[in-house]
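Peer 1: What follows is model22.cif; its format and atoms are mmCIF, C-alpha atoms and all ligand atoms.
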data_coords
loop_
_atom_site.label_atom_id
_atom_site.label_comp_id
_atom_site.auth_asym_id
_atom_site.auth_seq_id
_atom_site.Cartn_x
_atom_site.Cartn_y
_atom_site.Cartn_z
CA MET M 1 70.10 -7.03 75.88
CA ASN M 2 69.70 -6.26 72.21
CA GLU M 3 68.25 -2.82 72.65
CA LYS M 4 71.27 -1.11 71.19
CA LYS M 5 70.93 1.85 68.91
CA VAL M 6 71.57 0.95 65.28
CA ILE M 7 72.86 3.30 62.58
CA SER M 8 69.41 3.33 60.99
CA ASP M 9 67.81 4.50 64.26
CA ILE M 10 69.22 7.98 63.65
CA SER M 11 68.20 10.35 60.90
CA LYS M 12 70.38 10.01 57.82
CA SER M 13 71.18 13.71 57.77
CA PHE M 14 72.90 13.36 61.13
CA PHE M 15 75.75 11.52 59.41
CA GLU M 16 76.26 13.99 56.59
CA GLY M 17 79.82 15.28 56.56
CA LYS M 18 80.59 13.51 59.82
CA LYS M 19 83.58 11.25 60.32
CA VAL M 20 82.41 7.80 61.30
CA PHE M 21 84.83 5.26 62.73
CA VAL M 22 83.62 1.75 61.95
CA ARG M 23 85.30 -1.12 63.80
CA VAL M 24 85.04 -3.96 61.32
CA ASP M 25 86.32 -7.50 61.37
CA PHE M 26 88.33 -7.90 58.19
CA ASN M 27 90.39 -10.70 59.68
CA VAL M 28 90.29 -12.70 56.44
CA PRO M 29 92.45 -15.69 55.52
CA ILE M 30 95.37 -14.61 53.34
CA ASP M 31 97.34 -16.89 51.06
CA ASN M 32 100.84 -15.58 51.49
CA LYS M 33 102.25 -17.60 48.61
CA THR M 34 100.07 -15.85 46.09
CA ASN M 35 99.52 -12.74 48.23
CA SER M 36 95.78 -13.00 47.81
CA ILE M 37 92.68 -13.18 49.94
CA ARG M 38 91.43 -16.75 50.12
CA GLU M 39 87.96 -15.79 51.27
CA ASP M 40 86.45 -12.31 51.42
CA TYR M 41 83.21 -13.17 53.18
CA ARG M 42 83.96 -10.96 56.17
CA ILE M 43 84.60 -7.97 53.92
CA ARG M 44 81.44 -8.50 51.89
CA ARG M 45 79.32 -8.71 55.00
CA ALA M 46 80.26 -5.19 56.08
CA ILE M 47 79.22 -3.69 52.75
CA SER M 48 75.64 -2.90 53.71
CA THR M 49 76.74 -0.77 56.65
CA ILE M 50 79.43 0.96 54.59
CA ASP M 51 76.99 1.58 51.72
CA TYR M 52 74.43 3.00 54.11
CA LEU M 53 76.90 5.42 55.68
CA LEU M 54 78.16 6.50 52.27
CA ASP M 55 74.61 7.11 51.22
CA CYS M 56 74.25 9.36 54.27
CA GLY M 57 77.22 11.40 53.06
CA ALA M 58 79.57 10.37 55.87
CA LYS M 59 83.33 9.99 55.78
CA ILE M 60 84.20 6.49 56.83
CA ILE M 61 87.27 5.39 58.75
CA LEU M 62 87.60 1.63 58.96
CA GLY M 63 89.67 -0.09 61.63
CA SER M 64 90.32 -3.82 61.89
CA HIS M 65 92.84 -6.38 63.02
CA LEU M 66 94.30 -9.14 60.89
CA GLY M 67 95.90 -12.18 62.52
CA ARG M 68 98.08 -11.89 65.58
CA PRO M 69 101.03 -9.61 64.86
CA LYS M 70 101.46 -9.10 68.63
CA GLY M 71 102.32 -5.42 68.51
CA ARG M 72 104.81 -5.62 65.66
CA ARG M 73 104.66 -4.64 62.02
CA VAL M 74 104.36 -7.88 60.06
CA ASN M 75 104.24 -7.32 56.30
CA GLU M 76 102.23 -10.46 55.65
CA LEU M 77 99.52 -9.14 57.95
CA SER M 78 99.12 -5.74 56.34
CA LEU M 79 95.54 -4.73 55.59
CA GLU M 80 96.55 -3.08 52.32
CA ILE M 81 95.43 -6.10 50.34
CA VAL M 82 92.08 -5.91 52.15
CA ALA M 83 91.75 -2.21 51.35
CA ASN M 84 92.30 -3.07 47.69
CA ARG M 85 89.62 -5.74 47.74
CA LEU M 86 87.21 -3.42 49.49
CA SER M 87 87.88 -0.82 46.86
CA GLN M 88 86.86 -3.34 44.16
CA LEU M 89 83.74 -4.32 46.07
CA LEU M 90 82.66 -0.73 46.65
CA ASP M 91 83.79 0.39 43.24
CA ARG M 92 85.38 3.46 44.76
CA LYS M 93 88.74 4.53 46.04
CA VAL M 94 89.74 3.34 49.52
CA ILE M 95 92.51 5.44 51.03
CA PHE M 96 94.89 3.12 52.84
CA CYS M 97 96.65 4.64 55.81
CA ARG M 98 99.81 3.02 57.07
CA ASP M 99 100.71 5.43 59.83
CA PHE M 100 97.51 6.51 61.44
CA ILE M 101 99.13 7.42 64.74
CA GLU M 102 102.20 9.30 63.54
CA ASP M 103 100.54 11.02 60.61
CA LYS M 104 98.40 14.06 61.13
CA LEU M 105 95.55 11.96 59.89
CA ALA M 106 92.69 13.67 61.72
CA GLU M 107 93.45 16.97 59.99
CA LYS M 108 93.80 15.27 56.63
CA ILE M 109 90.46 13.55 56.94
CA ASP M 110 88.86 16.91 57.66
CA LEU M 111 89.93 18.00 54.19
CA PHE M 112 88.68 14.85 52.47
CA PRO M 113 85.33 15.16 50.67
CA ASN M 114 82.22 13.51 52.06
CA LYS M 115 81.85 9.83 51.14
CA SER M 116 85.59 9.23 51.44
CA VAL M 117 86.61 5.79 52.71
CA VAL M 118 89.78 5.42 54.74
CA MET M 119 91.15 2.04 55.84
CA LEU M 120 93.67 2.03 58.67
CA GLU M 121 96.59 -0.37 58.83
CA ASN M 122 96.25 -3.44 61.07
CA LEU M 123 95.39 -2.07 64.52
CA ARG M 124 97.26 -4.90 66.21
CA PHE M 125 100.56 -3.68 64.77
CA TYR M 126 100.38 -1.56 67.90
CA LYS M 127 100.67 -3.36 71.19
CA GLU M 128 98.63 -0.53 72.67
CA GLU M 129 95.54 -1.80 70.83
CA THR M 130 95.24 -5.06 72.77
CA ASP M 131 96.47 -3.33 75.96
CA ASN M 132 93.54 -0.92 75.64
CA ASP M 133 96.08 1.85 76.17
CA ALA M 134 94.34 5.12 77.09
CA ASN M 135 96.56 7.30 74.96
CA PHE M 136 96.19 5.07 71.92
CA SER M 137 92.43 4.97 72.42
CA ARG M 138 92.34 8.75 72.53
CA ARG M 139 94.39 9.03 69.32
CA LEU M 140 91.99 6.70 67.54
CA ALA M 141 88.97 8.52 68.89
CA GLU M 142 90.35 11.85 67.61
CA LEU M 143 89.94 10.55 64.08
CA ALA M 144 86.15 10.56 64.15
CA ASP M 145 82.87 12.06 65.40
CA ILE M 146 80.79 8.89 65.60
CA TYR M 147 81.68 5.33 66.62
CA VAL M 148 80.14 2.26 65.02
CA ASN M 149 80.75 -1.35 66.03
CA GLU M 150 80.40 -3.75 63.12
CA ALA M 151 82.73 -6.39 64.55
CA PHE M 152 80.64 -8.69 66.72
CA SER M 153 83.42 -11.28 66.72
CA THR M 154 85.80 -9.02 68.66
CA SER M 155 83.17 -7.54 70.96
CA HIS M 156 84.28 -9.79 73.84
CA ARG M 157 87.65 -8.04 73.83
CA THR M 158 88.44 -4.96 75.88
CA HIS M 159 90.76 -3.48 73.27
CA SER M 160 91.23 0.14 72.26
CA SER M 161 89.24 -0.16 69.06
CA THR M 162 86.47 -2.29 70.55
CA TYR M 163 86.11 -0.54 73.86
CA GLY M 164 88.62 2.11 74.99
CA MET M 165 88.16 4.52 72.10
CA ALA M 166 84.39 4.20 72.17
CA LEU M 167 84.35 5.81 75.64
CA ASP M 168 85.28 9.12 74.02
CA PHE M 169 82.24 9.29 71.74
CA ASP M 170 78.79 10.76 72.37
CA THR M 171 77.34 8.59 69.63
CA LYS M 172 78.17 4.88 69.72
CA LEU M 173 76.09 2.72 67.40
CA ALA M 174 75.70 -0.85 66.24
CA GLY M 175 76.21 -1.62 62.56
CA PHE M 176 73.64 -3.72 60.68
CA LEU M 177 75.58 -6.94 61.14
CA VAL M 178 76.05 -6.51 64.88
CA ASP M 179 72.35 -5.70 65.16
CA LYS M 180 71.46 -8.86 63.27
CA GLU M 181 73.72 -10.97 65.48
CA LEU M 182 72.15 -9.56 68.63
CA LYS M 183 68.62 -10.06 67.36
CA PHE M 184 69.13 -13.70 66.41
CA ILE M 185 70.97 -14.63 69.57
CA SER M 186 68.58 -12.77 71.89
CA LYS M 187 65.65 -14.49 70.24
CA MET M 188 67.36 -17.81 70.68
CA LEU M 189 68.04 -17.21 74.35
CA LYS M 190 64.66 -15.71 75.18
CA GLU M 191 62.01 -17.14 72.95
CA PRO M 192 63.25 -19.78 70.53
CA GLU M 193 60.71 -21.70 68.47
CA HIS M 194 60.43 -25.30 69.60
CA PRO M 195 61.82 -27.82 69.29
CA PHE M 196 65.03 -25.95 70.00
CA ILE M 197 67.89 -28.20 68.90
CA VAL M 198 71.50 -27.40 69.76
CA ILE M 199 74.48 -29.09 68.13
CA ILE M 200 77.88 -28.64 69.72
CA GLY M 201 81.13 -30.03 68.37
CA GLY M 202 84.65 -28.86 67.69
CA SER M 203 87.85 -28.83 69.67
CA LYS M 204 87.64 -25.78 71.92
CA ILE M 205 85.83 -27.58 74.66
CA HIS M 206 86.48 -25.36 77.62
CA ASP M 207 85.09 -22.27 75.88
CA LYS M 208 81.93 -24.12 74.97
CA MET M 209 81.07 -25.58 78.33
CA THR M 210 79.66 -22.42 79.91
CA ALA M 211 77.58 -21.78 76.83
CA LEU M 212 76.43 -25.40 77.01
CA GLY M 213 75.43 -24.91 80.62
CA ASN M 214 73.06 -22.14 79.60
CA LEU M 215 71.77 -23.84 76.48
CA LEU M 216 70.92 -27.00 78.39
CA GLU M 217 68.37 -25.01 80.34
CA ILE M 218 66.50 -23.76 77.31
CA ALA M 219 67.06 -26.32 74.57
CA ASP M 220 64.86 -29.35 73.96
CA LYS M 221 67.68 -31.54 72.66
CA ILE M 222 71.43 -31.05 72.68
CA ILE M 223 73.64 -33.05 70.38
CA ILE M 224 77.17 -33.11 71.76
CA ALA M 225 79.98 -34.50 69.64
CA SER M 226 83.75 -34.13 69.17
CA GLY M 227 85.73 -32.74 72.10
CA ALA M 228 82.80 -31.97 74.34
CA GLY M 229 81.14 -35.24 73.31
CA TYR M 230 84.13 -37.42 74.23
CA THR M 231 84.37 -35.58 77.53
CA PHE M 232 80.78 -36.59 78.27
CA ILE M 233 81.34 -40.16 77.09
CA LYS M 234 84.41 -40.50 79.28
CA ALA M 235 82.61 -38.94 82.22
CA ASN M 236 79.95 -41.64 81.84
CA GLY M 237 82.57 -44.36 82.03
CA GLY M 238 82.97 -44.92 78.27
CA LYS M 239 86.39 -45.63 76.73
CA ILE M 240 87.55 -42.91 74.37
CA GLY M 241 91.12 -44.06 73.60
CA ASP M 242 93.21 -41.02 72.75
CA SER M 243 90.31 -38.88 71.52
CA ILE M 244 90.30 -35.22 72.49
CA CYS M 245 88.76 -34.58 75.86
CA GLU M 246 88.84 -31.94 78.56
CA ASN M 247 89.84 -33.83 81.69
CA GLU M 248 89.26 -30.83 83.93
CA MET M 249 85.60 -30.86 82.94
CA LEU M 250 84.89 -34.52 83.66
CA GLU M 251 83.24 -33.90 87.01
CA TRP M 252 81.10 -31.17 85.54
CA ALA M 253 80.16 -33.36 82.59
CA LYS M 254 79.14 -36.18 84.91
CA LYS M 255 76.89 -33.95 86.97
CA THR M 256 75.46 -32.22 83.94
CA TYR M 257 74.69 -35.48 82.21
CA LYS M 258 72.85 -36.75 85.22
CA LYS M 259 70.72 -33.65 85.37
CA TYR M 260 69.94 -33.40 81.66
CA LYS M 261 70.12 -36.96 80.35
CA GLU M 262 66.80 -36.68 78.56
CA LYS M 263 68.09 -33.78 76.50
CA ILE M 264 71.65 -34.86 75.74
CA VAL M 265 72.40 -36.93 72.65
CA LEU M 266 75.92 -38.35 72.28
CA PRO M 267 77.59 -40.21 69.39
CA ILE M 268 76.93 -43.94 69.32
CA ASP M 269 79.64 -44.89 66.84
CA HIS M 270 82.85 -43.32 65.65
CA LEU M 271 85.39 -43.20 62.86
CA VAL M 272 88.71 -43.79 64.52
CA SER M 273 92.27 -43.73 63.38
CA GLU M 274 95.52 -44.78 64.98
CA SER M 275 96.57 -41.82 67.06
CA SER M 276 100.08 -41.66 65.69
CA LYS M 277 98.98 -41.75 62.07
CA HIS M 278 95.92 -39.57 61.75
CA THR M 279 95.80 -40.49 58.07
CA ASP M 280 93.31 -41.63 55.48
CA SER M 281 92.87 -45.11 56.94
CA CYS M 282 90.13 -45.41 59.51
CA LEU M 283 87.76 -47.88 61.08
CA ILE M 284 84.28 -47.73 62.51
CA VAL M 285 83.97 -48.43 66.21
CA ASN M 286 80.61 -48.98 67.86
CA SER M 287 81.28 -48.27 71.47
CA ASP M 288 84.60 -48.40 73.27
CA ILE M 289 87.44 -46.76 71.42
CA PRO M 290 90.64 -48.80 71.81
CA ASP M 291 93.78 -47.31 73.31
CA GLY M 292 96.11 -45.88 70.75
CA HIS M 293 93.13 -44.81 68.66
CA LYS M 294 91.48 -41.47 68.27
CA ALA M 295 87.92 -40.72 67.17
CA LEU M 296 88.06 -38.22 64.35
CA ASP M 297 84.48 -38.27 63.08
CA ILE M 298 81.07 -39.60 64.05
CA GLY M 299 80.09 -42.96 62.54
CA PRO M 300 77.20 -43.82 60.16
CA LYS M 301 74.73 -44.77 62.91
CA THR M 302 75.39 -41.50 64.67
CA ILE M 303 74.84 -39.62 61.44
CA GLU M 304 71.46 -41.32 61.15
CA LEU M 305 70.62 -40.56 64.77
CA PHE M 306 71.65 -36.90 64.58
CA THR M 307 69.96 -36.20 61.26
CA SER M 308 66.76 -37.81 62.52
CA ILE M 309 66.69 -35.14 65.24
CA ILE M 310 67.62 -32.20 62.99
CA LYS M 311 64.36 -32.02 61.09
CA GLY M 312 62.72 -28.66 61.48
CA PRO M 313 60.68 -26.60 62.04
CA GLY M 314 61.85 -25.06 65.31
CA TYR M 315 65.11 -23.35 66.20
CA ILE M 316 68.55 -24.82 65.50
CA PHE M 317 71.91 -23.63 66.79
CA TRP M 318 75.13 -25.23 65.61
CA ASN M 319 78.68 -24.58 66.71
CA GLY M 320 81.63 -26.88 66.16
CA PRO M 321 82.27 -29.51 63.48
CA MET M 322 81.48 -33.18 64.16
CA GLY M 323 84.98 -34.30 63.24
CA VAL M 324 88.24 -33.32 61.58
CA PHE M 325 86.29 -32.23 58.52
CA GLU M 326 89.36 -30.64 56.94
CA SER M 327 90.35 -34.18 55.97
CA ASP M 328 88.01 -35.79 53.41
CA THR M 329 88.19 -39.07 55.31
CA PHE M 330 86.66 -37.47 58.40
CA SER M 331 84.30 -34.90 56.91
CA SER M 332 81.21 -37.05 56.39
CA GLY M 333 79.59 -36.45 59.79
CA THR M 334 80.02 -32.70 59.57
CA ILE M 335 78.75 -32.54 55.99
CA HIS M 336 75.65 -34.56 56.83
CA VAL M 337 74.87 -32.33 59.78
CA ALA M 338 75.37 -29.16 57.71
CA ARG M 339 73.03 -30.46 55.00
CA ALA M 340 70.47 -31.62 57.54
CA ILE M 341 70.39 -28.11 58.99
CA ALA M 342 69.93 -26.58 55.53
CA LEU M 343 67.06 -28.97 54.86
CA ALA M 344 65.47 -28.26 58.24
CA THR M 345 65.68 -24.56 57.42
CA LEU M 346 63.76 -25.20 54.22
CA ARG M 347 61.13 -26.87 56.38
CA GLY M 348 60.72 -23.71 58.37
CA ALA M 349 63.36 -23.94 61.09
CA THR M 350 65.32 -20.87 62.13
CA SER M 351 68.98 -21.86 61.96
CA VAL M 352 71.93 -20.07 63.50
CA VAL M 353 75.41 -21.33 62.75
CA GLY M 354 78.54 -19.85 64.27
CA GLY M 355 82.26 -20.47 64.69
CA GLY M 356 85.24 -20.05 62.39
CA GLU M 357 85.64 -23.69 61.44
CA THR M 358 81.91 -24.36 61.47
CA ILE M 359 81.39 -21.73 58.78
CA ALA M 360 84.25 -23.26 56.79
CA ALA M 361 82.52 -26.63 57.16
CA ILE M 362 79.25 -25.18 55.83
CA ARG M 363 81.12 -24.21 52.69
CA LYS M 364 82.76 -27.57 52.37
CA ALA M 365 79.28 -29.11 52.56
CA GLU M 366 78.28 -26.78 49.70
CA VAL M 367 75.48 -25.36 51.76
CA LEU M 368 74.64 -21.85 50.64
CA GLU M 369 74.47 -18.86 52.91
CA SER M 370 70.84 -18.43 51.88
CA GLU M 371 70.06 -21.93 53.17
CA ILE M 372 70.92 -20.91 56.73
CA SER M 373 68.90 -18.23 58.55
CA HIS M 374 71.92 -16.61 60.17
CA MET M 375 75.63 -17.30 59.82
CA SER M 376 77.23 -15.71 62.83
CA THR M 377 80.63 -14.12 62.46
CA GLY M 378 81.33 -14.64 66.14
CA GLY M 379 83.16 -17.62 67.56
CA GLY M 380 84.47 -16.82 71.02
CA ALA M 381 82.26 -13.74 71.33
CA LEU M 382 79.18 -15.75 70.42
CA LEU M 383 79.90 -18.43 73.01
CA GLU M 384 80.63 -15.90 75.72
CA TYR M 385 77.41 -14.09 74.94
CA ILE M 386 75.41 -17.31 75.07
CA GLY M 387 77.21 -18.21 78.27
CA GLY M 388 75.77 -15.05 79.80
CA THR M 389 78.90 -12.88 79.76
CA LYS M 390 78.36 -9.23 78.96
CA LEU M 391 80.44 -8.23 75.95
CA PRO M 392 82.33 -4.96 76.54
CA GLY M 393 82.13 -3.96 72.87
CA ILE M 394 78.34 -4.30 72.97
CA GLU M 395 77.74 -2.92 76.45
CA ILE M 396 79.50 0.31 75.53
CA LEU M 397 77.07 1.09 72.69
CA ASP M 398 74.17 3.52 73.13
P1 LIG G 401 84.63 -23.40 65.68
O1 LIG G 401 85.80 -22.63 65.13
O2 LIG G 401 83.60 -23.65 64.64
O3 LIG G 401 84.07 -22.81 66.93
P2 LIG G 401 86.38 -25.19 67.06
O4 LIG G 401 87.47 -24.20 66.87
O5 LIG G 401 85.92 -25.46 68.43
O6 LIG G 401 85.14 -24.85 66.12
O7 LIG G 401 86.83 -26.60 66.50
C1 LIG G 401 87.14 -26.79 65.14
C2 LIG G 401 88.20 -27.84 64.98
O8 LIG G 401 87.88 -29.00 65.70
C3 LIG G 401 88.34 -28.27 63.56
O9 LIG G 401 89.55 -27.77 63.05
C4 LIG G 401 88.32 -29.80 63.61
O10 LIG G 401 89.35 -30.38 62.85
C5 LIG G 401 88.50 -30.08 65.07
N1 LIG G 401 87.87 -31.32 65.48
C6 LIG G 401 86.58 -31.68 65.32
N2 LIG G 401 86.37 -32.91 65.77
C7 LIG G 401 87.54 -33.37 66.23
C8 LIG G 401 88.00 -34.60 66.79
N3 LIG G 401 87.17 -35.61 66.97
N4 LIG G 401 89.30 -34.72 67.14
C9 LIG G 401 90.14 -33.69 66.93
N5 LIG G 401 89.79 -32.50 66.41
C10 LIG G 401 88.51 -32.35 66.05
MG MG G 402 87.82 -22.44 65.74
#
Can the structure from this file be put into structure tokens for me?
Peer 2:
Amino acid sequence: MNEKKVISDISKSFFEGKKVFVRVDFNVPIDNKTNSIREDYRIRRAISTIDYLLDCGAKIILGSHLGRPKGRRVNELSLEIVANRLSQLLDRKVIFCRDFIEDKLAEKIDLFPNKSVVMLENLRFYKEETDNDANFSRRLAELADIYVNEAFSTSHRTHSSTYGMALDFDTKLAGFLVDKELKFISKMLKEPEHPFIVIIGGSKIHDKMTALGNLLEIADKIIIASGAGYTFIKANGGKIGDSICENEMLEWAKKTYKKYKEKIVLPIDHLVSESSKHTDSCLIVNSDIPDGHKALDIGPKTIELFTSIIKGPGYIFWNGPMGVFESDTFSSGTIHVARAIALATLRGATSVVGGGETIAAIRKAEVLESEISHMSTGGGALLEYIGGTKLPGIEILD
């Protein structure tokens, strides 16, 4: 599955003077009050691919989305601020292009010198992007000679920039980051080191269930907390009060638990709060969660149980926080798990962590990027891939 051609698989001279369209994921959090980027991690991670292509003497055209403008021009979601940051990071001019469809951009780029960097305005300002409109795809494809996917996180989408435009290219390559994602995940699915420990939490339960189904086959232990965890607890007859749960999946959870009980580890105590309040006051509940209460974090015994399993060496995959870690009152479980994974990695485990909030939680736990083997940029795409779905943005590559 990961045998996709990477930019470094081709001779460097092939890129010289060529126009290379790189689909990146610069969907960074913006603070609109101060009009600044809160976190530029996603931009920094694309630098090695951009640097490499510049070194080859290519002209680079970067396309990305930012937020969900739903086909309209939304000033707050302009990528201009991102182009400026990229320019600082690269220490070279980045030409920002507001009107890449109307403008005669293709001809202009032809006149630009090699090693020029062009950043297009938010692709999702055009409804045609998410519609995978054929005409829009063709217009984008006309801008370049070579297509590169460096946006693993949007590879599950059949959009113009992730799929439709790529059809028009003879050369469709993976960027370094996409290659790294594929390598880590393929290894995990095919030949993980053992014990292979999976930790699933978070609120998007439905999305995670198919991935869970696959992981249960190959993992040695699966820790299931938060939304998916309460679904399992409820399916087993436990009382979960008003905690988040996917009722549609109860039957599935019941069957799955029966089949894999030796592998599945569920929370044994919880930090709960009154549902209506969701504030800083909380109490520890050992088993049944009373009505009118919601579990918002795992309890101290569960922390002990989970961290005793996350030891290393072996392979560790984590997606989804253990609780509402955004609140300091309910962040302890998530922080302990994050630090346990970092420690296990020091002891020789290979650790893969993915998901938007999970990465944010890693930062809150003050775990460094270097303390985790691979921080995946993919949330939905990662889960779909693990669940066995073929990603259109990856399938299309050479
Ligand atoms: P990721 O983005 O890492 O894939 P999700 O989007 O599935 O993770 O879930 C992250 C969100 O889940 C966080 O914002 C967190 O506040 C929320 N969450 C975690 N545990 C609970 C819980 N027990 N009750 C309600 N929300 C929770
Ligand atoms: Mg999320």
Peer 1: Which residues form the shell of 7 Å around ligand LIG 401 (chain G) when you count only C-alpha atoms and all ligand atoms, given as JSON, numbers by chain?
Peer 2: {"M": [201, 202, 203, 204, 205, 226, 227, 243, 244, 295, 296, 297, 319, 320, 321, 322, 323, 324, 325, 326, 354, 355, 356, 357, 358, 359, 379]}
Peer 1: Quick one: pull the distance between CA of Thr350 (chain M) and CA of Arg363 (chain M), Å, one decimal.
Peer 2: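 Value for the CA of Thr350 (chain M)-CA of Arg363 (chain M) distance: 18.7 Å.
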Peer 1: So that I can see what lies close to Leu54 (chain M), please list as a list in words the residues with an atom at most 12 Å from it, counting all atoms listed in the file and leaving out residues fewer than 3 positions away in the same chain.
Peer 2: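 Surrounding residues, per the criterion: Lys12, Ser13, Phe15, Glu16, Gly17, Lys18, Lys19, Val20, Ile47, Ser48, Thr49, Ile50, Asp51, Gly57, Ala58, Lys59, Ile60, Ile61, Leu90, Arg92, Pro113, Asn114, Lys115, Ser116, Val117 and Val118 of chain M.
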Peer 1: Excluding region 124-139 of chain M and any residue of its chain fewer than 2 positions from it, enumerate the residues within 9 Å of it, using all atoms listed in the file, and give them as a ChimeraX atom specification.
Peer 2: /M:64-74,77-78,100-101,121-122,141-143,157-168
Peer 1: Could you give me, as a PyMOL selection string, the residues within 9 Å of Leu397 (chain M), counting all atoms listed in the file and dropping anything in the same chain fewer than 5 positions from it?
Peer 2: chain M and resi 4-5+147-149+166+171-174+392
Peer 1: Could you give me, as a PyMOL selection string, the residues that have an atom at most 12 Å away from the point (68.2, -15.1, 70.9) in the coordinates of the file, using all atoms listed in the file?
Peer 2: chain M and resi 1-2+179-193+196+215+218-219+315-317+350-352+374+382+385-386+388
Peer 1: Counting all atoms listed in the file, figure out which residue out of M:Ser287, M:Cys282, M:Gly348, M:Ala144 gets nearest to Ser327 (chain M).
Peer 2: M:Cys282
Peer 1: Would you give the centre and edge lengths, in Å to one decimal, of a box along x, y and z around the listed atoms of region 348-359 of chain M, with 4 Å added to each side, as AutoDock Vina command-line options?
Peer 2:
--center_x 73.2 --center_y -22.1 --center_z 61.5 --size_x 32.9 --size_y 12.5 --size_z 14.3
Peer 1: Determine the nearest neighbour of Glu248 (chain M) from the options M:Thr34, M:Leu283, M:Leu53, M:Ala235, counting only C-alpha atoms.
Peer 2: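 Ranked by minimum distance to Glu248 (chain M), first place goes to M:Ala235.
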Peer 1: Mind pulling up the distance from CA of Lys259 (chain M) to CA of Leu305 (chain M)?
Peer 2: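 Spanning CA of Leu305 (chain M) to CA of Lys259 (chain M) is a straight-line distance of 21.7 Å.
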Peer 1: How many Å lie between CA of Arg44 (chain M) and CA of Phe26 (chain M), rounded to one decimal?
Peer 2: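 CA of Phe26 (chain M) lies 9.4 Å from CA of Arg44 (chain M).
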Peer 1: Select, from M:Lys104, M:Lys255, M:His293, M:Lys208, the residue with the minimum atom-to-atom distance to ligand MG 402 (chain G), counting only C-alpha atoms and all ligand atoms.
Peer 2: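 Going through M:Lys104, M:Lys255, M:His293, M:Lys208 one by one, the smallest distance to ligand MG 402 (chain G) is for M:Lys208.
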Peer 1: Skipping near chain neighbours, those fewer than 3 positions away, what residues fall within 6 Å of Lys263 (chain M) using only C-alpha atoms, listed as a list in words?
Peer 2: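 Listing them by chain and then by number gives Lys221, Ile222 and Tyr260 of chain M.
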Peer 1: Smallest atom-to-atom distance to ligand MG 402 (chain G): which of M:Gly175, M:Asp207, M:Glu102, M:Asp242, using all atoms listed in the file?
Peer 2: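 Comparing M:Gly175, M:Asp207, M:Glu102, M:Asp242 against ligand MG 402 (chain G), the winner is M:Asp207.
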Peer 1: Counting only C-alpha atoms, which residue out of M:Ala361, M:Val6, M:Ile240, M:Val24 sits closest to Ile335 (chain M)?
Peer 2: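 Smallest separation from Ile335 (chain M) among the options: M:Ala361.
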Peer 1: When distances are computed from all atoms listed in the file, which of M:Gly378, M:Leu343, M:Ile233, M:Asn286 shows the smallest separation from ligand MG 402 (chain G)?
Peer 2: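 Selected residue with least distance to ligand MG 402 (chain G): M:Gly378.
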Peer 1: Extract, using only C-alpha atoms, all DNA, RNA and protein residues at most 12 Å from Glu369 (chain M), discarding same-chain residues fewer than 2 positions from it, and format them as JSON, numbers by chain.
Peer 2: {"M": [41, 45, 338, 339, 341, 342, 345, 351, 352, 353, 359, 360, 361, 362, 363, 365, 366, 367, 371, 372, 373, 374, 375, 376]}
Peer 1: Take the point (59.3, -28.9, 63.0) in the file's coordinates, draw a sphere of radius 7 Å around it, and report as JSON, numbers by chain every protein, DNA or RNA residue with an atom inside or on it, counting only C-alpha atoms.
Peer 2: {"M": [195, 311, 312, 313, 314, 349]}
